[in-house]
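Q: Have a look at this one before I ask anything.
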Amino acid sequence: MNPKIKSIITWTLIGLLVFVFTVSGITKLIGAEMQIKNLESWGYPLWLRFPIGVSEIGMGIGLLLPKLRKLTLFGIFPWAIIAVITHLQAGQTNMIATPILIALFTLIIIRILRLK
């Protein structure tokens, strides 16, 4: 594959992930009604929105920093597994597509960048 195309694909996927994690983290930290309802439906205490929100914003930032990118990319997989399990336990099978897509995008980035 052409290096320019690889770069475009990689940065497009990184940009999407940065957006998703940053917005999700910010909405948790500000206590958006949707996030409060989600935490309640999952049976999580509301205070958990702070560490989750900070970690999601951290993942968004980590993807942009070359020294943290590899660690962040590999850290997304446990997040995705927890998200899928959380949705399945809450009977929200319709919501597992997002964390699965995030894991897939992450795998594509890892493959393109040849990280090990």
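For the structure tokens, the naming scheme is as follows: chains receive sequential letters (A, B, ...) according to their order of presentation, residues are indexed from 1 within each chain, and ligands are indexed from 1 in presentation order.
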Give me the residues within 12 Å of Ile109 (chain A) as an MDAnalysis selection string, counting only C-alpha atoms and dropping any in the same chain fewer than 5 places off.
A: chainID A and resid 6:17 63 69:70 72:74 76 102:104 114:116
Q: In Å, rounded to a single decimal, give me how far CA of Gly43 (chain A) is from CA of His87 (chain A).
A: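 Straight-line distance from CA of His87 (chain A) to CA of Gly43 (chain A) works out to 10.8 Å.
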Q: Which residues come within 10 Å of region 48-60 of chain A, counting only C-alpha atoms, excluding same-chain residues fewer than 2 positions away, as an NGL selection string?
A: :A and (14-31 or 35-36 or 39 or 44-46 or 62-65 or 68-69 or 71-73 or 75-76 or 79)
Q: Write down as a VMD selection string the residues belonging to chain A that are assigned alpha helix (DSSP H) by DSSP computed on the backbone.
A: chain A and resid 3 to 29 33 to 42 49 to 64 66 to 89 97 to 113
Q: Given the selection you just returned, output its residues as a file containing C-alpha atoms, formatted as a compact mmCIF listing (two decimals), in the first residue's frame.
A:
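So part.txt came out as:
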# COMPACT_ATOMS: atom_id res chain seq x y z
CA PRO A 3 2.70 5.26 2.22
CA LYS A 4 0.56 8.35 1.58
CA ILE A 5 -2.63 6.25 1.62
CA LYS A 6 -1.46 4.51 4.81
CA SER A 7 -0.90 7.88 6.42
CA ILE A 8 -4.33 9.16 5.37
CA ILE A 9 -6.07 6.03 6.68
CA THR A 10 -4.09 6.09 9.94
CA TRP A 11 -4.73 9.76 10.68
CA THR A 12 -8.39 9.52 9.69
CA LEU A 13 -8.92 6.64 12.12
CA ILE A 14 -6.86 8.32 14.84
CA GLY A 15 -8.90 11.50 14.34
CA LEU A 16 -12.16 9.57 14.69
CA LEU A 17 -10.95 7.84 17.85
CA VAL A 18 -9.67 11.09 19.35
CA PHE A 19 -13.06 12.68 18.69
CA VAL A 20 -15.04 9.76 20.14
CA PHE A 21 -12.95 9.42 23.29
CA THR A 22 -12.68 13.16 23.93
CA VAL A 23 -16.39 13.85 23.47
CA SER A 24 -17.37 10.82 25.53
CA GLY A 25 -14.99 11.82 28.33
CA ILE A 26 -16.11 15.46 28.36
CA THR A 27 -19.80 14.55 28.44
CA LYS A 28 -19.15 12.27 31.41
CA LEU A 29 -17.21 14.95 33.28
CA GLU A 33 -28.01 13.65 31.09
CA MET A 34 -27.35 10.88 28.57
CA GLN A 35 -24.19 9.82 30.43
CA ILE A 36 -25.97 9.85 33.80
CA LYS A 37 -28.74 7.66 32.36
CA ASN A 38 -26.15 5.31 30.87
CA LEU A 39 -24.28 4.91 34.16
CA GLU A 40 -27.55 4.26 36.00
CA SER A 41 -28.66 1.69 33.41
CA TRP A 42 -25.33 -0.10 33.79
CA ARG A 49 -18.13 9.07 35.59
CA PHE A 50 -15.10 11.08 36.74
CA PRO A 51 -12.38 8.39 36.44
CA ILE A 52 -14.00 7.02 33.28
CA GLY A 53 -14.25 10.49 31.76
CA VAL A 54 -10.65 11.36 32.64
CA SER A 55 -9.38 8.05 31.23
CA GLU A 56 -11.33 8.56 27.99
CA ILE A 57 -9.96 12.08 27.55
CA GLY A 58 -6.52 10.65 28.35
CA MET A 59 -6.92 8.08 25.58
CA GLY A 60 -7.88 10.83 23.16
CA ILE A 61 -4.78 12.82 24.09
CA GLY A 62 -2.55 9.74 24.16
CA LEU A 63 -3.42 8.93 20.56
CA LEU A 64 -2.05 12.32 19.50
CA PRO A 66 3.79 9.83 19.56
CA LYS A 67 5.44 8.64 22.79
CA LEU A 68 2.09 7.48 24.23
CA ARG A 69 0.38 6.28 21.05
CA LYS A 70 1.42 2.61 21.27
CA LEU A 71 0.46 2.31 24.95
CA THR A 72 -2.84 4.07 24.25
CA LEU A 73 -3.66 1.87 21.27
CA PHE A 74 -3.09 -1.28 23.28
CA GLY A 75 -5.03 0.22 26.21
CA ILE A 76 -8.10 0.66 24.05
CA PHE A 77 -8.65 -3.11 23.85
CA PRO A 78 -9.41 -3.62 27.57
CA TRP A 79 -11.65 -0.55 27.43
CA ALA A 80 -13.54 -2.06 24.46
CA ILE A 81 -13.92 -5.45 26.18
CA ILE A 82 -15.26 -3.79 29.34
CA ALA A 83 -17.64 -1.68 27.25
CA VAL A 84 -19.00 -4.73 25.39
CA ILE A 85 -19.44 -6.69 28.64
CA THR A 86 -21.15 -3.70 30.28
CA HIS A 87 -23.63 -3.34 27.41
CA LEU A 88 -24.33 -7.08 27.29
CA GLN A 89 -24.95 -7.25 31.05
CA ALA A 97 -21.25 -2.08 17.76
CA THR A 98 -19.46 1.12 18.83
CA PRO A 99 -16.83 -0.47 21.10
CA ILE A 100 -16.33 -3.26 18.57
CA LEU A 101 -15.75 -0.70 15.79
CA ILE A 102 -13.37 1.23 18.03
CA ALA A 103 -11.39 -1.97 18.65
CA LEU A 104 -11.41 -2.73 14.91
CA PHE A 105 -10.17 0.77 14.01
CA THR A 106 -7.47 0.40 16.66
CA LEU A 107 -6.40 -2.94 15.21
CA ILE A 108 -6.18 -1.39 11.72
CA ILE A 109 -3.98 1.43 13.07
CA ILE A 110 -1.74 -1.05 14.90
CA ARG A 111 -1.45 -3.13 11.73
CA ILE A 112 -0.63 -0.15 9.51
CA LEU A 113 1.93 1.20 11.99
